[in-house]
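Have a look at structure-v2.cif below; it lists mmCIF, C-alpha atoms.
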```cif
data_protein
#
loop_
_atom_site.group_PDB
_atom_site.id
_atom_site.type_symbol
_atom_site.label_atom_id
_atom_site.label_comp_id
_atom_site.auth_asym_id
_atom_site.auth_seq_id
_atom_site.Cartn_x
_atom_site.Cartn_y
_atom_site.Cartn_z
ATOM 1 C CA MET A 986 -0.666 21.027 11.363
ATOM 2 C CA THR A 987 0.959 18.774 8.799
ATOM 3 C CA THR A 988 -1.760 19.438 6.214
ATOM 4 C CA ALA A 989 -0.122 22.756 5.401
ATOM 5 C CA THR A 990 2.800 20.951 3.785
ATOM 6 C CA GLN A 991 0.613 18.888 1.503
ATOM 7 C CA PRO A 992 0.551 19.493 -2.233
ATOM 8 C CA GLN A 993 -2.431 21.501 -3.356
ATOM 9 C CA GLN A 994 -3.747 18.782 -5.608
ATOM 10 C CA ARG A 995 -4.961 16.898 -2.577
ATOM 11 C CA GLN A 996 -7.525 19.544 -1.903
ATOM 12 C CA MET A 997 -9.022 19.400 -5.362
ATOM 13 C CA GLY A 998 -11.753 16.868 -5.907
ATOM 14 C CA ASP A 999 -11.168 16.216 -9.559
ATOM 15 C CA ALA A 1000 -7.470 15.630 -9.029
ATOM 16 C CA THR A 1001 -8.315 12.326 -7.373
ATOM 17 C CA ARG A 1002 -9.016 10.901 -10.748
ATOM 18 C CA ARG A 1003 -5.802 12.054 -12.334
ATOM 19 C CA HIS A 1004 -3.449 11.381 -9.457
ATOM 20 C CA SER A 1005 -4.500 7.958 -8.398
ATOM 21 C CA VAL A 1006 -2.888 4.559 -8.368
ATOM 22 C CA MET A 1007 -4.582 1.189 -8.461
ATOM 23 C CA PRO A 1008 -4.163 -0.781 -5.237
ATOM 24 C CA SER A 1009 -3.489 -4.536 -5.323
ATOM 25 C CA VAL A 1010 -6.420 -6.655 -4.327
ATOM 26 C CA ASN A 1011 -7.158 -10.218 -3.334
ATOM 27 C CA ILE A 1012 -10.695 -11.484 -3.697
ATOM 28 C CA THR A 1013 -11.962 -14.702 -2.244
ATOM 29 C CA ALA A 1014 -15.423 -16.150 -1.895
ATOM 30 C CA SER A 1015 -17.036 -18.596 0.439
ATOM 31 C CA HIS A 1016 -20.606 -19.845 0.260
ATOM 32 C CA ASP A 1017 -22.011 -16.827 2.076
ATOM 33 C CA GLU A 1018 -19.715 -13.908 1.263
ATOM 34 C CA TYR A 1019 -17.038 -12.357 -0.889
ATOM 35 C CA VAL A 1020 -13.983 -10.925 0.833
ATOM 36 C CA LEU A 1021 -11.869 -8.178 -0.707
ATOM 37 C CA GLU A 1022 -8.468 -7.283 0.674
ATOM 38 C CA VAL A 1023 -7.128 -4.045 -0.711
ATOM 39 C CA GLU A 1024 -3.536 -2.944 -0.077
ATOM 40 C CA MET A 1025 -3.370 0.727 0.776
ATOM 41 C CA PRO A 1026 -0.281 1.418 2.884
ATOM 42 C CA GLY A 1027 -0.332 4.889 4.427
ATOM 43 C CA VAL A 1028 -4.125 5.033 4.580
ATOM 44 C CA ASN A 1029 -6.094 4.836 7.801
ATOM 45 C CA LYS A 1030 -9.812 4.827 8.509
ATOM 46 C CA GLU A 1031 -10.114 8.597 8.109
ATOM 47 C CA GLY A 1032 -8.680 8.527 4.592
ATOM 48 C CA LEU A 1033 -11.086 5.904 3.302
ATOM 49 C CA GLU A 1034 -14.040 6.514 1.070
ATOM 50 C CA ILE A 1035 -16.128 3.540 0.049
ATOM 51 C CA SER A 1036 -19.322 3.923 -1.881
ATOM 52 C CA VAL A 1037 -21.788 1.909 -3.910
ATOM 53 C CA GLU A 1038 -23.632 3.528 -6.766
ATOM 54 C CA GLY A 1039 -25.841 1.284 -8.781
ATOM 55 C CA ASN A 1040 -23.725 -1.835 -9.141
ATOM 56 C CA GLU A 1041 -20.387 -0.028 -8.890
ATOM 57 C CA LEU A 1042 -18.272 -0.241 -5.788
ATOM 58 C CA THR A 1043 -15.743 2.571 -5.581
ATOM 59 C CA ILE A 1044 -12.846 2.489 -3.135
ATOM 60 C CA ILE A 1045 -10.737 5.586 -2.570
ATOM 61 C CA GLY A 1046 -7.879 5.779 -0.086
ATOM 62 C CA ARG A 1047 -6.146 9.027 0.782
ATOM 63 C CA ARG A 1048 -2.788 8.684 2.462
ATOM 64 C CA GLN A 1049 -2.014 10.348 5.748
ATOM 65 C CA PRO A 1050 0.070 13.474 5.227
ATOM 66 C CA ASP A 1051 3.772 12.744 5.139
ATOM 67 C CA SER A 1052 5.338 13.800 8.425
ATOM 68 C CA VAL A 1053 8.919 13.076 7.398
ATOM 69 C CA GLN A 1054 11.217 16.058 7.417
ATOM 70 C CA GLY A 1055 14.195 16.440 5.209
ATOM 71 C CA GLU A 1056 15.238 16.031 1.622
ATOM 72 C CA VAL A 1057 14.185 13.091 -0.510
ATOM 73 C CA MET A 1058 17.262 11.088 -1.447
ATOM 74 C CA TYR A 1059 15.491 8.143 -2.945
ATOM 75 C CA ARG A 1060 11.819 7.546 -3.504
ATOM 76 C CA GLU A 1061 9.867 4.539 -4.702
ATOM 77 C CA THR A 1062 6.508 5.162 -3.092
ATOM 78 C CA SER A 1063 3.843 7.423 -4.498
ATOM 79 C CA ASP A 1064 1.758 9.949 -2.611
ATOM 80 C CA ALA A 1065 -1.137 9.610 -5.028
ATOM 81 C CA ASP A 1066 -4.522 8.480 -3.785
ATOM 82 C CA TYR A 1067 -5.558 4.882 -4.269
ATOM 83 C CA ARG A 1068 -8.628 4.340 -6.395
ATOM 84 C CA ARG A 1069 -10.305 1.256 -7.736
ATOM 85 C CA VAL A 1070 -13.778 0.496 -9.024
ATOM 86 C CA PHE A 1071 -15.479 -2.891 -9.073
ATOM 87 C CA GLU A 1072 -18.680 -3.991 -10.675
ATOM 88 C CA LEU A 1073 -20.803 -5.879 -8.205
ATOM 89 C CA SER A 1074 -22.872 -8.850 -9.138
ATOM 90 C CA SER A 1075 -26.537 -8.791 -8.188
ATOM 91 C CA ASP A 1076 -26.159 -11.465 -5.517
ATOM 92 C CA ILE A 1077 -24.454 -9.063 -3.102
ATOM 93 C CA GLU A 1078 -26.391 -7.505 -0.254
ATOM 94 C CA THR A 1079 -24.903 -4.020 -0.533
ATOM 95 C CA GLY A 1080 -26.620 -2.809 2.622
ATOM 96 C CA LYS A 1081 -24.681 -5.302 4.697
ATOM 97 C CA ILE A 1082 -21.164 -4.672 3.436
ATOM 98 C CA ARG A 1083 -18.728 -4.536 6.315
ATOM 99 C CA ALA A 1084 -15.350 -2.798 6.183
ATOM 100 C CA GLU A 1085 -12.321 -2.913 8.438
ATOM 101 C CA MET A 1086 -8.945 -1.249 8.101
ATOM 102 C CA GLN A 1087 -5.783 -2.597 9.659
ATOM 103 C CA GLN A 1088 -2.164 -1.732 8.937
ATOM 104 C CA GLY A 1089 -2.868 -0.503 5.436
ATOM 105 C CA ILE A 1090 -5.164 -3.357 4.443
ATOM 106 C CA LEU A 1091 -8.822 -2.659 3.794
ATOM 107 C CA LYS A 1092 -10.908 -5.745 4.273
ATOM 108 C CA LEU A 1093 -14.414 -5.716 2.848
ATOM 109 C CA HIS A 1094 -16.964 -8.398 3.571
ATOM 110 C CA LEU A 1095 -19.702 -8.557 0.960
ATOM 111 C CA PRO A 1096 -22.485 -10.908 1.984
ATOM 112 C CA LYS A 1097 -24.258 -12.808 -0.738
ATOM 113 C CA ALA A 1098 -27.965 -12.086 -1.042
ATOM 114 C CA GLU A 1099 -30.806 -11.878 -3.487
ATOM 115 C CA ARG A 1100 -31.240 -8.157 -3.927
ATOM 116 C CA VAL A 1101 -29.002 -5.153 -4.407
ATOM 117 C CA LYS A 1102 -29.751 -1.915 -2.602
ATOM 118 C CA PRO A 1103 -27.679 1.199 -3.384
ATOM 119 C CA ARG A 1104 -26.210 2.614 -0.247
ATOM 120 C CA LYS A 1105 -23.255 4.384 1.344
ATOM 121 C CA ILE A 1106 -21.140 2.126 3.530
ATOM 122 C CA ASN A 1107 -20.063 3.012 7.021
ATOM 123 C CA ILE A 1108 -16.620 1.953 8.115
ATOM 124 C CA ALA A 1109 -16.409 0.004 11.317
ATOM 125 C CA ASP A 1110 -13.419 0.127 13.672
ATOM 126 C CA MET B 820 5.879 -4.345 -13.996
ATOM 127 C CA LYS B 821 3.006 -5.828 -15.926
ATOM 128 C CA LEU B 822 4.752 -9.133 -16.378
ATOM 129 C CA MET B 823 5.425 -9.397 -12.700
ATOM 130 C CA ARG B 824 1.943 -8.719 -11.534
ATOM 131 C CA ARG B 825 0.674 -12.181 -10.828
ATOM 132 C CA GLN B 826 -2.906 -13.013 -11.611
ATOM 133 C CA ARG B 827 -3.235 -16.651 -11.026
ATOM 134 C CA HIS B 828 -6.898 -16.881 -11.855
ATOM 135 C CA ASP B 829 -7.259 -14.568 -14.785
ATOM 136 C CA THR B 830 -8.494 -17.305 -17.043
ATOM 137 C CA GLU B 831 -11.469 -18.026 -14.867
ATOM 138 C CA PRO B 832 -14.636 -16.128 -15.581
ATOM 139 C CA TRP B 833 -15.366 -13.967 -12.643
ATOM 140 C CA SER B 834 -19.015 -13.204 -12.316
ATOM 141 C CA ALA B 835 -19.062 -11.186 -9.138
ATOM 142 C CA PHE B 836 -16.666 -8.353 -9.895
ATOM 143 C CA ASP B 837 -16.177 -7.510 -13.499
ATOM 144 C CA GLU B 838 -13.360 -5.012 -13.430
ATOM 145 C CA LEU B 839 -13.903 -1.836 -15.384
ATOM 146 C CA ASN B 840 -11.218 -2.204 -17.997
ATOM 147 C CA ARG B 841 -11.514 1.339 -19.136
ATOM 148 C CA LEU B 842 -10.531 2.635 -15.741
ATOM 149 C CA ARG B 843 -7.709 0.162 -15.417
ATOM 150 C CA ASP B 844 -6.222 1.277 -18.725
ATOM 151 C CA GLU B 845 -6.481 4.855 -17.637
ATOM 152 C CA ILE B 846 -4.728 4.167 -14.379
ATOM 153 C CA ASP B 847 -2.084 2.005 -16.027
ATOM 154 C CA ARG B 848 -1.236 4.912 -18.282
ATOM 155 C CA VAL B 849 -0.823 7.198 -15.305
ATOM 156 C CA PHE B 850 1.394 4.595 -13.707
ATOM 157 C CA GLN B 851 3.661 4.270 -16.689
ATOM 158 C CA SER B 852 4.094 7.951 -17.336
ATOM 159 C CA SER B 853 4.718 9.037 -13.769
ATOM 160 C CA PHE B 854 6.041 6.101 -11.855
ATOM 161 C CA GLY B 855 7.403 3.747 -14.477
ATOM 162 C CA ASP B 856 11.005 4.444 -13.592
ATOM 163 C CA MET B 857 10.431 4.241 -9.872
ATOM 164 C CA THR B 858 9.132 0.689 -9.863
ATOM 165 C CA PRO B 859 11.091 -1.279 -7.292
ATOM 166 C CA SER B 860 12.888 -4.391 -8.374
ATOM 167 C CA MET B 861 10.693 -7.320 -7.527
ATOM 168 C CA GLY B 862 12.060 -10.617 -6.400
ATOM 169 C CA PHE B 863 10.243 -12.387 -9.166
ATOM 170 C CA LEU B 864 10.923 -15.994 -8.347
ATOM 171 C CA GLU B 865 11.555 -15.762 -4.646
ATOM 172 C CA GLY B 866 9.585 -13.481 -2.404
ATOM 173 C CA TRP B 867 8.806 -9.858 -3.011
ATOM 174 C CA SER B 868 10.264 -6.465 -2.418
ATOM 175 C CA PRO B 869 8.561 -3.548 -0.690
ATOM 176 C CA ALA B 870 8.865 0.024 -1.945
ATOM 177 C CA VAL B 871 11.183 2.183 0.165
ATOM 178 C CA ASP B 872 11.947 5.883 0.518
ATOM 179 C CA LEU B 873 15.054 7.497 1.963
ATOM 180 C CA PHE B 874 15.041 11.004 3.420
ATOM 181 C CA GLU B 875 17.878 13.013 4.863
ATOM 182 C CA ASP B 876 18.002 16.030 7.087
ATOM 183 C CA ARG B 877 20.841 17.589 9.061
ATOM 184 C CA ASP B 878 20.746 15.174 11.989
ATOM 185 C CA LYS B 879 19.297 11.956 10.662
ATOM 186 C CA PHE B 880 18.161 9.691 7.870
ATOM 187 C CA THR B 881 14.598 8.412 7.679
ATOM 188 C CA VAL B 882 13.686 5.265 5.805
ATOM 189 C CA LYS B 883 10.094 4.387 5.007
ATOM 190 C CA ALA B 884 8.948 1.034 3.678
ATOM 191 C CA GLU B 885 5.481 0.047 2.501
ATOM 192 C CA LEU B 886 4.625 -3.171 4.308
ATOM 193 C CA PRO B 887 0.847 -3.387 4.460
ATOM 194 C CA GLY B 888 -0.864 -6.148 6.398
ATOM 195 C CA MET B 889 1.931 -7.316 8.652
ATOM 196 C CA LYS B 890 2.458 -7.763 12.335
ATOM 197 C CA LYS B 891 5.182 -5.755 14.001
ATOM 198 C CA GLU B 892 6.841 -8.988 15.143
ATOM 199 C CA GLU B 893 7.161 -10.218 11.556
ATOM 200 C CA ILE B 894 9.428 -7.347 10.551
ATOM 201 C CA GLU B 895 13.184 -7.388 11.180
ATOM 202 C CA VAL B 896 15.390 -4.342 11.019
ATOM 203 C CA SER B 897 19.158 -4.626 11.264
ATOM 204 C CA LEU B 898 22.184 -2.476 10.627
ATOM 205 C CA HIS B 899 25.599 -3.660 9.416
ATOM 206 C CA GLY B 900 27.973 -0.757 9.012
ATOM 207 C CA ASN B 901 26.115 1.699 6.794
ATOM 208 C CA THR B 902 23.779 -0.906 5.359
ATOM 209 C CA LEU B 903 20.269 -1.030 6.736
ATOM 210 C CA THR B 904 18.409 -4.282 6.136
ATOM 211 C CA VAL B 905 14.641 -4.620 6.368
ATOM 212 C CA SER B 906 13.373 -8.156 6.077
ATOM 213 C CA GLY B 907 10.626 -10.465 7.208
ATOM 214 C CA GLU B 908 7.819 -12.652 6.067
ATOM 215 C CA ARG B 909 4.259 -11.764 5.251
ATOM 216 C CA LYS B 910 2.078 -14.717 6.024
ATOM 217 C CA ARG B 911 -1.088 -15.619 4.238
ATOM 218 C CA GLN B 912 -4.061 -15.890 6.553
ATOM 219 C CA GLN B 913 -5.770 -19.207 6.945
ATOM 220 C CA GLU B 914 -9.048 -18.138 5.374
ATOM 221 C CA HIS B 915 -7.356 -17.502 2.026
ATOM 222 C CA ARG B 916 -6.709 -21.154 1.523
ATOM 223 C CA GLU B 917 -10.375 -21.942 1.722
ATOM 224 C CA GLY B 918 -13.061 -21.003 -0.740
ATOM 225 C CA GLU B 919 -12.576 -19.695 -4.227
ATOM 226 C CA ASN B 920 -9.921 -17.223 -5.285
ATOM 227 C CA TYR B 921 -11.063 -14.638 -7.785
ATOM 228 C CA ARG B 922 -8.044 -12.384 -7.693
ATOM 229 C CA SER B 923 -4.584 -12.770 -6.147
ATOM 230 C CA GLU B 924 -2.533 -9.669 -6.669
ATOM 231 C CA ARG B 925 -1.007 -9.389 -3.210
ATOM 232 C CA TYR B 926 2.437 -10.759 -2.509
ATOM 233 C CA PHE B 927 3.168 -13.075 0.367
ATOM 234 C CA GLY B 928 6.289 -14.746 1.665
ATOM 235 C CA ARG B 929 9.750 -13.513 2.494
ATOM 236 C CA PHE B 930 11.138 -10.136 1.546
ATOM 237 C CA GLN B 931 14.388 -8.281 2.045
ATOM 238 C CA ARG B 932 15.606 -4.819 1.190
ATOM 239 C CA ASN B 933 19.100 -3.468 1.774
ATOM 240 C CA ILE B 934 19.462 0.279 1.944
ATOM 241 C CA GLN B 935 22.902 1.833 1.712
ATOM 242 C CA LEU B 936 23.157 4.900 3.919
ATOM 243 C CA PRO B 937 25.502 7.617 2.664
ATOM 244 C CA GLN B 938 26.887 8.389 6.130
ATOM 245 C CA ALA B 939 27.548 6.670 9.447
ATOM 246 C CA VAL B 940 24.668 6.489 11.923
ATOM 247 C CA GLU B 941 24.382 5.903 15.663
ATOM 248 C CA THR B 942 23.680 2.191 15.821
ATOM 249 C CA GLY B 943 22.282 2.340 19.329
ATOM 250 C CA LYS B 944 19.843 5.160 18.606
ATOM 251 C CA VAL B 945 17.942 3.735 15.638
ATOM 252 C CA HIS B 946 14.209 3.963 16.165
ATOM 253 C CA ALA B 947 11.574 2.051 14.189
ATOM 254 C CA SER B 948 7.790 2.260 14.223
ATOM 255 C CA TYR B 949 5.006 0.599 12.249
ATOM 256 C CA ARG B 950 1.743 2.370 11.477
ATOM 257 C CA ASP B 951 -0.921 2.152 8.751
ATOM 258 C CA GLY B 952 1.178 -0.485 7.022
ATOM 259 C CA ILE B 953 4.227 1.788 6.794
ATOM 260 C CA LEU B 954 7.485 1.023 8.565
ATOM 261 C CA SER B 955 9.417 4.167 9.518
ATOM 262 C CA ILE B 956 13.013 4.007 10.691
ATOM 263 C CA GLU B 957 14.893 6.989 12.056
ATOM 264 C CA LEU B 958 18.677 6.773 12.035
ATOM 265 C CA PRO B 959 20.511 9.627 13.768
ATOM 266 C CA LYS B 960 23.848 10.501 12.180
ATOM 267 C CA THR B 961 27.009 10.098 14.218
ATOM 268 C CA GLU B 962 28.652 13.233 15.573
ATOM 269 C CA GLU B 963 31.565 12.584 13.254
ATOM 270 C CA ALA B 964 29.317 12.362 10.198
ATOM 271 C CA LYS B 965 27.618 15.616 11.177
ATOM 272 C CA ARG B 966 30.991 17.318 11.693
ATOM 273 C CA LYS B 967 32.221 16.181 8.287
ATOM 274 C CA GLN B 968 29.070 17.464 6.714
ATOM 275 C CA ILE B 969 29.636 20.927 8.171
ATOM 276 C CA GLU B 970 33.248 20.923 6.997
ATOM 277 C CA VAL B 971 32.165 20.170 3.456
ATOM 278 C CA LYS B 972 29.591 22.933 3.516
ATOM 279 C CA THR B 973 31.996 25.585 4.774
ATOM 280 C CA SER B 974 34.943 24.767 2.545
#
```
Reformat the file's structure so that it appears as structure tokens.
Amino acid sequence: MTTATQPQQRQMGDATRRHSVMPSVNITASHDEYVLEVEMPGVNKEGLEISVEGNELTIIGRRQPDSVQGEVMYRETSDADYRRVFELSSDIETGKIRAEMQQGILKLHLPKAERVKPRKINIAD
Amino acid sequence: MKLMRRQRHDTEPWSAFDELNRLRDEIDRVFQSSFGDMTPSMGFLEGWSPAVDLFEDRDKFTVKAELPGMKKEEIEVSLHGNTLTVSGERKRQQEHREGENYRSERYFGRFQRNIQLPQAVETGKVHASYRDGILSIELPKTEEAKRKQIEVKTS
């Protein structure tokens, strides 16, 4: 499939750190939750990795393999992974974080709560 | 690039998400060394400007534009001669106007990009699709353009 044409660095775990770009984010808060909107064009649900370790929220987005054939004449986009880390405040209920991905925008709902529980987040449709 | 990245609320203390500055510096360095020259020109005072790529193969050109978070109906694609224009408006959702804003790095409003194609294309056969926040436009070359291309290669 198309994965065969991908640069090798994609396969290497550590390369994520070196070949990553920081996505733009908007963060808003209401009385009961924080909402993060992260811009990751080219990433779909399968390419997302969201995790909470301690009070650190890590978001990684891997772009879908480029299916375009032909020579590059002009290029402004990057094929690097997106990566951004946030420090969570203790009023977020990490077990109830909800994620949705639509047209390259990751939307995370972080409900406000008393306690913080470390946990891996599942991505909803 | 740095000057143009708007952070309207950077003077406010933000208790919930204290960005890891170390990581940001690291990533900024990567940005500057690898992609510094590729930064698209931003419409600083009016609107914004999405990043675009242009590919060419024997039969067609392919243009890709990063337009995350839009609706298909909000994107306009038009062709005037050899100039492809991608424009539209990204609208802010209602919920962003309510509550507190901690970070506003995303651009909203009107955008326009003009892409000059090196050869003539079949106006009636242009195909555009929008997926994962990426607009892809395929523009088949005209028979004449393809013929010229072969002539150049064989001479």
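With all atoms listed in the file as the basis for measurement, A:Val1020 is the residue among A:His1004, A:Ile1106, A:Thr1013, A:Val1020 that approaches Leu1093 of chain A most closely.
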Based on all atoms listed in the file, which of the residues in chain A come within 8 Å of chain B? I want them as an mmCIF file with C-alpha atoms, in the frame of the given file.
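Wrote it out as selection.cif, contents follow:
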```
data_model
loop_
_atom_site.group_PDB
_atom_site.id
_atom_site.type_symbol
_atom_site.label_atom_id
_atom_site.label_comp_id
_atom_site.auth_asym_id
_atom_site.auth_seq_id
_atom_site.Cartn_x
_atom_site.Cartn_y
_atom_site.Cartn_z
ATOM 1 C CA ARG A 1003 -5.802 12.054 -12.334
ATOM 2 C CA HIS A 1004 -3.449 11.381 -9.457
ATOM 3 C CA SER A 1005 -4.500 7.958 -8.398
ATOM 4 C CA VAL A 1006 -2.888 4.559 -8.368
ATOM 5 C CA MET A 1007 -4.582 1.189 -8.461
ATOM 6 C CA SER A 1009 -3.489 -4.536 -5.323
ATOM 7 C CA VAL A 1010 -6.420 -6.655 -4.327
ATOM 8 C CA ASN A 1011 -7.158 -10.218 -3.334
ATOM 9 C CA ILE A 1012 -10.695 -11.484 -3.697
ATOM 10 C CA THR A 1013 -11.962 -14.702 -2.244
ATOM 11 C CA ALA A 1014 -15.423 -16.150 -1.895
ATOM 12 C CA SER A 1015 -17.036 -18.596 0.439
ATOM 13 C CA HIS A 1016 -20.606 -19.845 0.260
ATOM 14 C CA GLU A 1024 -3.536 -2.944 -0.077
ATOM 15 C CA MET A 1025 -3.370 0.727 0.776
ATOM 16 C CA PRO A 1026 -0.281 1.418 2.884
ATOM 17 C CA GLY A 1027 -0.332 4.889 4.427
ATOM 18 C CA VAL A 1028 -4.125 5.033 4.580
ATOM 19 C CA ASN A 1029 -6.094 4.836 7.801
ATOM 20 C CA VAL A 1053 8.919 13.076 7.398
ATOM 21 C CA GLN A 1054 11.217 16.058 7.417
ATOM 22 C CA GLY A 1055 14.195 16.440 5.209
ATOM 23 C CA GLU A 1056 15.238 16.031 1.622
ATOM 24 C CA VAL A 1057 14.185 13.091 -0.510
ATOM 25 C CA MET A 1058 17.262 11.088 -1.447
ATOM 26 C CA TYR A 1059 15.491 8.143 -2.945
ATOM 27 C CA ARG A 1060 11.819 7.546 -3.504
ATOM 28 C CA GLU A 1061 9.867 4.539 -4.702
ATOM 29 C CA THR A 1062 6.508 5.162 -3.092
ATOM 30 C CA SER A 1063 3.843 7.423 -4.498
ATOM 31 C CA VAL A 1070 -13.778 0.496 -9.024
ATOM 32 C CA PHE A 1071 -15.479 -2.891 -9.073
ATOM 33 C CA GLU A 1072 -18.680 -3.991 -10.675
ATOM 34 C CA LEU A 1073 -20.803 -5.879 -8.205
ATOM 35 C CA SER A 1074 -22.872 -8.850 -9.138
ATOM 36 C CA SER A 1075 -26.537 -8.791 -8.188
ATOM 37 C CA ASP A 1076 -26.159 -11.465 -5.517
ATOM 38 C CA GLN A 1087 -5.783 -2.597 9.659
ATOM 39 C CA GLN A 1088 -2.164 -1.732 8.937
ATOM 40 C CA GLY A 1089 -2.868 -0.503 5.436
ATOM 41 C CA ILE A 1090 -5.164 -3.357 4.443
#
```
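Separating atom CA of Arg932 of chain B from atom CA of Lys944 of chain B is a distance of 20.5 Å.
Counting from atom CA of Leu1042 of chain A, the distance to atom CA of Pro1008 of chain A is 14.1 Å.
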(message) List as a ChimeraX atom specification the protein and nucleic acid residues near Glu895 of chain B, meaning an atom at most 8 Å away when all atoms listed in the file are counted, but skip any in the same chain fewer than 5 places from it.
(response) /B:904-907
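Residue nearest Glu1031 of chain A, chosen from A:Leu1095, A:Asn1107, A:Arg1068, A:Ser1052 and counting all atoms listed in the file: A:Asn1107.
Our summary of the geometry notes that atom CA of Glu963 of chain B is positioned 17.5 Å from atom CA of Thr902 of chain B.
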Give the centre and edge lengths of an axis-aligned box, in Å to one decimal, that holds all listed atoms of segment 1030-1033 of chain A with 5 Å on each side, as AutoDock Vina command-line options.
```
--center_x -9.9 --center_y 6.7 --center_z 5.9 --size_x 12.4 --size_y 13.8 --size_z 15.2
```
(message) With all atoms listed in the file as the counted atoms, please give the residues lying no more than 8 Å from Lys1092 of chain A, apart from itself and same-chain residues fewer than 4 positions off, as a list in words.
(response) Val1020, Leu1021, Glu1022, Val1023, Ala1084, Glu1085 and Met1086 of chain A
